[in-house]
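**Q** Got a file for you: entry_6.tsv, TSV, C-alpha atoms.
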chain	number	residue	atom	x	y	z
M	22	MET	CA	113.50	79.16	118.62
M	23	GLY	CA	114.37	75.87	120.33
M	24	ALA	CA	110.79	74.99	121.23
M	25	LEU	CA	109.55	75.95	117.78
M	26	SER	CA	112.22	73.78	116.15
M	27	LYS	CA	110.87	70.76	118.00
M	28	ILE	CA	107.32	71.60	116.99
M	29	ALA	CA	108.33	71.82	113.32
M	30	ARG	CA	109.74	68.31	113.31
M	31	VAL	CA	107.70	65.10	113.20
M	32	GLY	CA	109.43	61.82	113.91
M	33	GLY	CA	112.79	63.48	113.32
M	34	VAL	CA	111.69	64.79	109.89
M	35	SER	CA	111.31	68.53	109.28
M	36	THR	CA	107.85	69.84	108.57
M	37	ARG	CA	107.58	70.64	104.85
M	38	ILE	CA	106.40	74.15	103.95
M	39	LEU	CA	105.69	75.38	100.42
M	40	VAL	CA	105.46	79.09	99.59
M	41	VAL	CA	103.82	79.74	96.20
M	42	PHE	CA	103.51	83.27	94.84
M	43	TYR	CA	102.94	85.41	91.80
M	44	SER	CA	104.67	88.79	91.69
M	45	ALA	CA	104.53	91.42	88.97
M	46	THR	CA	106.97	94.01	90.33
M	47	GLY	CA	108.73	92.15	93.14
M	48	ASN	CA	106.77	93.26	96.21
M	49	THR	CA	104.85	90.02	96.63
M	50	ALA	CA	108.10	88.12	96.10
M	51	LYS	CA	109.66	90.03	99.02
M	52	LEU	CA	106.73	89.08	101.23
M	53	ALA	CA	107.13	85.46	100.15
M	54	GLU	CA	110.79	85.42	101.14
M	55	ALA	CA	110.04	87.00	104.53
M	56	LEU	CA	107.36	84.39	105.21
M	57	ALA	CA	109.72	81.62	104.12
M	58	GLY	CA	112.35	82.98	106.48
M	59	GLY	CA	109.95	82.83	109.40
M	60	ALA	CA	109.14	79.21	108.57
M	61	ARG	CA	112.82	78.31	108.28
M	62	ASP	CA	113.44	79.80	111.74
M	63	THR	CA	111.40	76.93	113.19
M	64	GLY	CA	113.54	74.29	111.49
M	65	ALA	CA	111.03	73.61	108.72
M	66	ASP	CA	112.09	72.43	105.26
M	67	VAL	CA	110.91	75.24	102.97
M	68	ARG	CA	110.44	75.49	99.21
M	69	VAL	CA	109.73	78.85	97.54
M	70	ARG	CA	108.07	78.64	94.14
M	71	THR	CA	106.51	81.07	91.68
M	72	VAL	CA	104.05	80.57	88.81
M	73	ALA	CA	104.36	81.27	85.11
M	74	GLU	CA	103.90	84.79	83.77
M	75	THR	CA	101.04	84.59	81.28
M	76	ALA	CA	100.33	88.27	80.59
M	77	PRO	CA	100.98	89.40	76.99
M	78	PRO	CA	104.20	91.35	76.41
M	79	GLN	CA	102.30	94.48	75.43
M	80	ALA	CA	100.53	94.55	78.80
M	81	ILE	CA	103.80	94.06	80.70
M	82	ALA	CA	105.42	96.86	78.72
M	83	THR	CA	102.86	99.40	79.95
M	84	ASN	CA	104.41	99.24	83.46
M	85	PRO	CA	108.19	99.87	83.63
M	86	ARG	CA	108.49	98.16	87.05
M	87	TRP	CA	106.63	95.09	85.76
M	88	GLN	CA	108.87	94.95	82.69
M	89	ALA	CA	112.01	95.33	84.81
M	90	TYR	CA	110.95	92.53	87.15
M	91	VAL	CA	110.21	90.17	84.26
M	92	ASP	CA	113.52	91.05	82.59
M	93	SER	CA	115.48	90.37	85.79
M	94	GLY	CA	114.02	86.85	86.25
M	95	PRO	CA	113.66	84.01	86.74
M	96	HIS	CA	113.15	84.67	90.44
M	97	ALA	CA	112.24	81.17	91.65
M	98	GLU	CA	111.49	77.72	90.29
M	99	LEU	CA	108.01	77.24	88.90
M	100	ALA	CA	105.57	75.52	91.24
M	101	THR	CA	104.42	72.02	90.32
M	102	LEU	CA	101.68	69.74	91.56
M	103	ASP	CA	104.45	67.57	93.02
M	104	ASP	CA	105.42	70.52	95.23
M	105	LEU	CA	101.86	70.72	96.53
M	106	GLU	CA	101.73	67.01	97.23
M	107	TRP	CA	105.12	67.21	99.01
M	108	ALA	CA	104.08	70.00	101.38
M	109	ASP	CA	102.56	69.57	104.82
M	110	GLY	CA	101.69	73.28	104.88
M	111	LEU	CA	101.65	76.03	102.32
M	112	ALA	CA	101.41	79.78	101.92
M	113	VAL	CA	99.94	81.29	98.77
M	114	GLY	CA	100.46	84.91	97.77
M	115	SER	CA	99.40	87.25	94.99
M	116	PRO	CA	99.04	90.94	94.26
M	117	THR	CA	95.44	92.10	94.39
M	118	ARG	CA	93.75	92.35	91.01
M	119	PHE	CA	90.32	94.00	91.15
M	120	GLY	CA	89.67	92.49	94.57
M	121	GLY	CA	90.94	89.00	93.81
M	122	PRO	CA	94.14	87.04	93.14
M	123	ALA	CA	96.02	87.50	89.88
M	124	ALA	CA	95.04	85.25	86.99
M	125	GLN	CA	98.59	83.88	86.82
M	126	LEU	CA	98.27	82.40	90.31
M	127	LYS	CA	94.66	81.33	89.83
M	128	SER	CA	95.61	79.44	86.66
M	129	PHE	CA	98.04	77.31	88.63
M	130	LEU	CA	95.57	76.69	91.45
M	131	ASP	CA	92.96	75.69	88.88
M	132	THR	CA	95.15	72.73	87.89
M	133	THR	CA	94.84	71.11	91.33
M	134	GLY	CA	91.56	69.29	90.65
M	135	GLY	CA	93.26	65.92	90.30
M	136	LEU	CA	95.00	66.20	93.67
M	137	TRP	CA	91.76	67.42	95.23
M	138	ALA	CA	89.82	64.47	93.78
M	139	GLN	CA	92.35	62.05	95.29
M	140	GLY	CA	92.09	63.75	98.69
M	141	LYS	CA	95.75	64.71	98.61
M	142	LEU	CA	95.13	68.33	99.56
M	143	ALA	CA	92.92	67.60	102.55
M	144	ASN	CA	94.36	68.39	105.99
M	145	LYS	CA	97.20	70.46	104.62
M	146	VAL	CA	97.67	73.67	106.60
M	147	ALA	CA	97.34	76.80	104.48
M	148	THR	CA	97.63	80.58	104.74
M	149	SER	CA	97.56	83.51	102.29
M	150	PHE	CA	99.20	86.91	101.71
M	151	THR	CA	98.83	89.79	99.28
M	152	THR	CA	99.89	93.26	98.13
M	153	ALA	CA	98.02	96.20	96.61
M	154	SER	CA	98.71	99.78	95.53
M	155	THR	CA	95.86	101.35	97.51
M	156	ALA	CA	94.74	100.90	101.12
M	157	HIS	CA	91.20	99.90	100.17
M	158	GLY	CA	92.01	98.15	96.92
M	159	GLY	CA	90.72	94.72	97.86
M	160	LEU	CA	93.45	93.31	100.11
M	161	GLU	CA	91.04	91.50	102.39
M	162	SER	CA	88.80	90.21	99.61
M	163	THR	CA	91.86	88.81	97.82
M	164	LEU	CA	92.93	86.90	100.93
M	165	LEU	CA	89.42	85.58	101.46
M	166	ALA	CA	89.23	84.53	97.80
M	167	ILE	CA	92.46	82.53	98.11
M	168	ASN	CA	91.20	81.02	101.35
M	169	ASN	CA	88.03	79.89	99.57
M	170	ILE	CA	90.20	77.55	97.50
M	171	PHE	CA	91.69	76.11	100.68
M	172	TYR	CA	88.19	75.40	102.03
M	173	HIS	CA	87.34	73.43	98.89
M	174	TRP	CA	90.54	71.43	99.25
M	175	GLY	CA	89.63	70.51	102.82
M	176	ALA	CA	92.74	72.30	104.05
M	177	ILE	CA	93.12	73.77	107.54
M	178	VAL	CA	93.23	77.54	107.15
M	179	VAL	CA	95.59	79.46	109.45
M	180	PRO	CA	94.93	83.21	109.55
M	181	LEU	CA	97.59	85.70	110.56
M	182	GLY	CA	95.38	86.98	113.36
M	183	TYR	CA	96.57	89.38	116.04
M	184	ALA	CA	98.60	86.84	117.97
M	185	GLU	CA	101.40	89.35	118.52
M	186	PRO	CA	101.04	93.09	119.31
M	187	HIS	CA	103.04	94.06	116.20
M	188	LEU	CA	100.25	92.78	113.99
M	189	LEU	CA	97.74	95.37	115.20
M	190	GLN	CA	99.64	97.98	113.18
M	191	SER	CA	100.92	95.93	110.26
M	192	GLY	CA	97.88	94.63	108.46
M	193	ASN	CA	94.73	92.61	108.86
M	194	PRO	CA	93.86	89.35	110.63
M	195	TYR	CA	93.21	87.35	107.45
M	196	GLY	CA	96.77	87.22	106.15
M	197	GLY	CA	99.92	89.25	105.62
M	198	SER	CA	99.52	92.28	103.38
M	199	PHE	CA	101.32	95.36	102.14
M	200	VAL	CA	100.08	98.57	100.54
M	201	SER	CA	102.62	99.91	98.03
M	202	ARG	CA	101.93	103.63	98.00
M	203	LYS	CA	103.76	105.45	95.18
M	204	SER	CA	105.48	102.17	94.18
M	205	ALA	CA	107.10	101.75	97.60
M	206	GLU	CA	108.76	98.44	98.51
M	207	PRO	CA	107.77	96.53	101.66
M	208	GLY	CA	109.27	98.02	104.81
M	209	ASP	CA	110.35	96.39	108.05
M	210	GLU	CA	106.85	96.45	109.55
M	211	ALA	CA	105.30	94.51	106.66
M	212	LEU	CA	108.20	92.06	106.38
M	213	GLU	CA	108.10	91.35	110.11
M	214	ALA	CA	104.38	90.53	109.84
M	215	LEU	CA	105.15	88.03	107.10
M	216	ARG	CA	107.98	86.52	109.13
M	217	ILE	CA	105.53	86.05	112.00
M	218	GLN	CA	103.05	84.48	109.58
M	219	GLY	CA	105.69	82.02	108.35
M	220	THR	CA	106.59	81.03	111.91
M	221	ARG	CA	102.92	80.62	112.75
M	222	LEU	CA	102.28	78.51	109.65
M	223	ALA	CA	105.19	76.16	110.33
M	224	THR	CA	104.36	75.88	114.02
M	225	VAL	CA	100.69	75.03	113.46
M	226	THR	CA	101.63	72.67	110.63
M	227	GLY	CA	103.97	70.89	113.02
M	228	TYR	CA	101.18	70.46	115.54
M	229	VAL	CA	98.79	69.12	112.88
M	230	ALA	CA	101.40	66.76	111.41
M	231	ARG	CA	102.19	65.41	114.87
M	232	GLY	CA	98.52	64.73	115.49
M	233	LEU	CA	97.99	63.01	112.14
M	234	ALA	CA	101.07	60.87	112.79
M	235	GLY	CA	99.72	59.92	116.20
M	236	ASP	CA	102.76	61.53	117.85
M	237	HIS	CA	101.24	63.17	120.91
Before anything else, please render the file you have as structure tokens.
**A**
Amino acid sequence: MGALSKIARVGGVSTRILVVFYSATGNTAKLAEALAGGARDTGADVRVRTVAETAPPQAIATNPRWQAYVDSGPHAELATLDDLEWADGLAVGSPTRFGGPAAQLKSFLDTTGGLWAQGKLANKVATSFTTASTAHGGLESTLLAINNIFYHWGAIVVPLGYAEPHLLQSGNPYGGSFVSRKSAEPGDEALEALRIQGTRLATVTGYVARGLAGDH
């Protein structure tokens, strides 16, 4: 961890990592916390934020786990554009909805046009993660859809990849993911993949921030 701690600091200031997620039943939130933990292990300054729940009450009530998660909140502060501007690197996560990110998350990301127009999102380091209830329910297309937003921002996209042997069994190379069969919660394998992703994000962000600061 010592070497990583140095990488995650630029000019004596911790690299700033933002984790933004939407979660309906809590699984994506657990992945977000595991990723944040991996980033913190490097010495990074980490913020974990969620987005507003916009689904109508009658839709939430059709799923007891969704209703229970909403009733037990709030689970994190709501993300703001100031959080995005603050961050050197960010991770964005959402459950898969018909092969793409949830509307709740997309609505927040759709408010970033002003920052994009000012060039304030360019060169940020970004990665994505997701959950689904079926193995072929669109996990990879959701990650790629989130990454498409990063490309438009001019961000530097960091995939999870297969940088460590554990990742060959735990998911896909695009970003951390978890399949919740029969409403299962993320297990150790999935959470470890997200921890690795958080460490990777903070480490690469540290390298990029050092280069932009001219600290070679």
**Q** With all atoms listed in the file as the atoms that count, which of M:Pro122, M:Gly110, M:Pro116, M:Gly175 lies nearest to Ala57 (chain M)?
**A**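 Among M:Pro122, M:Gly110, M:Pro116, M:Gly175, it is M:Gly110 that comes nearest to Ala57 (chain M).
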**Q** Record the distance separating CA of Ala55 (chain M) and CA of Leu215 (chain M), expressed in Å with one decimal.
**A**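 Answer for the CA of Ala55 (chain M) to CA of Leu215 (chain M) separation: 5.6 Å.
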**Q** Could you state the separation of CA of Leu164 (chain M) and CA of Tyr195 (chain M) in Å, given to one decimal place?
**A**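 We find that CA of Leu164 (chain M) and CA of Tyr195 (chain M) lie 6.5 Å from each other.
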**Q** Can you pull out the residues contacting Ile170 (chain M)? Cut-off 12 Å, using all atoms listed in the file, and skip same-chain residues under 6 positions away; I want them as a list of chain:residue names.
**A** M:Val113, M:Pro122, M:Leu126, M:Lys127, M:Phe129, M:Leu130, M:Asp131, M:Thr132, M:Thr133, M:Gly134, M:Trp137, M:Leu142, M:Ala143, M:Ala147, M:Thr148, M:Ser149, M:Thr163, M:Leu164, M:Ala176, M:Ile177, M:Val178
**Q** Within 12 Å of Lys203 (chain M), counting all atoms listed in the file, which residues show up once you throw out same-chain ones fewer than 3 positions away? Write them as a ChimeraX atom specification, please.
**A** /M:86,153-156,200,206-207
**Q** Enter the distance from CA of Trp174 (chain M) to CA of Gln139 (chain M), in Å, rounded to one decimal.
**A**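 Distance reported for this atom pair: 10.3 Å.
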**Q** Compare M:Ala50, M:Ile38, M:Val146, M:Ile81 by their minimum atom-to-atom distance to Thr63 (chain M), counting all atoms listed in the file, and give me the closest one.
**A** M:Ile38
**Q** Choose the residue, out of M:Ile167, M:Val40, M:Ala184, M:Val91, that has the smallest atom-to-atom separation from Ala123 (chain M); count all atoms listed in the file.
**A**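 For Ala123 (chain M), the nearest of the candidates is M:Ile167.
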**Q** Considering only C-alpha atoms, state which residue in the set M:Thr226, M:Ser162, M:Ser115, M:Asn84 is at the smallest distance from Lys51 (chain M).
**A** M:Ser115
**Q** Check the smallest atom-to-atom distance from each of M:Lys145, M:Arg202, M:Arg61, M:Arg231 to Gly219 (chain M) using only C-alpha atoms, then report the winner.
**A**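 Ranked by minimum distance to Gly219 (chain M), first place goes to M:Arg61.
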**Q** Generate the coordinates of N, CA, C and O atoms for region 74-92 of chain M; report them as a compact mmCIF listing (two decimals), in the coordinates of the input.
**A**
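Output (part_28.txt):
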# COMPACT_ATOMS: atom_id res chain seq x y z
N GLU M 74 104.45 83.52 84.23
CA GLU M 74 103.90 84.79 83.77
C GLU M 74 103.15 84.55 82.47
O GLU M 74 103.73 84.07 81.49
N THR M 75 101.87 84.87 82.45
CA THR M 75 101.04 84.59 81.28
C THR M 75 100.51 85.86 80.62
O THR M 75 99.81 85.77 79.61
N ALA M 76 100.82 87.03 81.18
CA ALA M 76 100.33 88.27 80.59
C ALA M 76 101.03 88.52 79.25
O ALA M 76 102.21 88.21 79.09
N PRO M 77 100.34 89.11 78.28
CA PRO M 77 100.98 89.40 76.99
C PRO M 77 102.05 90.46 77.14
O PRO M 77 101.96 91.35 77.99
N PRO M 78 103.10 90.39 76.32
CA PRO M 78 104.20 91.35 76.41
C PRO M 78 103.76 92.80 76.35
O PRO M 78 104.33 93.66 77.03
N GLN M 79 102.74 93.10 75.56
CA GLN M 79 102.30 94.48 75.43
C GLN M 79 101.69 95.00 76.73
O GLN M 79 101.79 96.20 77.03
N ALA M 80 101.07 94.13 77.51
CA ALA M 80 100.53 94.55 78.80
C ALA M 80 101.66 94.79 79.79
O ALA M 80 101.64 95.78 80.54
N ILE M 81 102.65 93.90 79.80
CA ILE M 81 103.80 94.06 80.70
C ILE M 81 104.54 95.35 80.40
O ILE M 81 104.97 96.08 81.30
N ALA M 82 104.66 95.68 79.13
CA ALA M 82 105.42 96.86 78.72
C ALA M 82 104.79 98.17 79.16
O ALA M 82 105.47 99.21 79.19
N THR M 83 103.52 98.16 79.52
CA THR M 83 102.86 99.40 79.95
C THR M 83 103.31 99.83 81.34
O THR M 83 103.06 100.97 81.75
N ASN M 84 103.96 98.94 82.10
CA ASN M 84 104.41 99.24 83.46
C ASN M 84 105.91 98.99 83.54
O ASN M 84 106.35 97.84 83.53
N PRO M 85 106.73 100.05 83.62
CA PRO M 85 108.19 99.87 83.63
C PRO M 85 108.68 98.96 84.76
O PRO M 85 109.63 98.19 84.56
N ARG M 86 108.05 99.01 85.93
CA ARG M 86 108.49 98.16 87.05
C ARG M 86 108.15 96.70 86.77
O ARG M 86 108.91 95.79 87.12
N TRP M 87 107.01 96.45 86.15
CA TRP M 87 106.63 95.09 85.76
C TRP M 87 107.62 94.55 84.74
O TRP M 87 108.11 93.43 84.86
N GLN M 88 107.92 95.37 83.72
CA GLN M 88 108.87 94.95 82.69
C GLN M 88 110.23 94.66 83.28
O GLN M 88 110.88 93.66 82.95
N ALA M 89 110.69 95.52 84.20
CA ALA M 89 112.01 95.33 84.81
C ALA M 89 112.06 94.05 85.63
O ALA M 89 113.07 93.33 85.62
N TYR M 90 110.97 93.75 86.33
CA TYR M 90 110.95 92.53 87.15
C TYR M 90 110.98 91.29 86.26
O TYR M 90 111.71 90.33 86.54
N VAL M 91 110.21 91.31 85.19
CA VAL M 91 110.21 90.17 84.26
C VAL M 91 111.60 90.00 83.65
O VAL M 91 112.13 88.88 83.55
N ASP M 92 112.21 91.11 83.24
CA ASP M 92 113.52 91.05 82.59
C ASP M 92 114.61 90.55 83.53
O ASP M 92 115.62 89.98 83.09
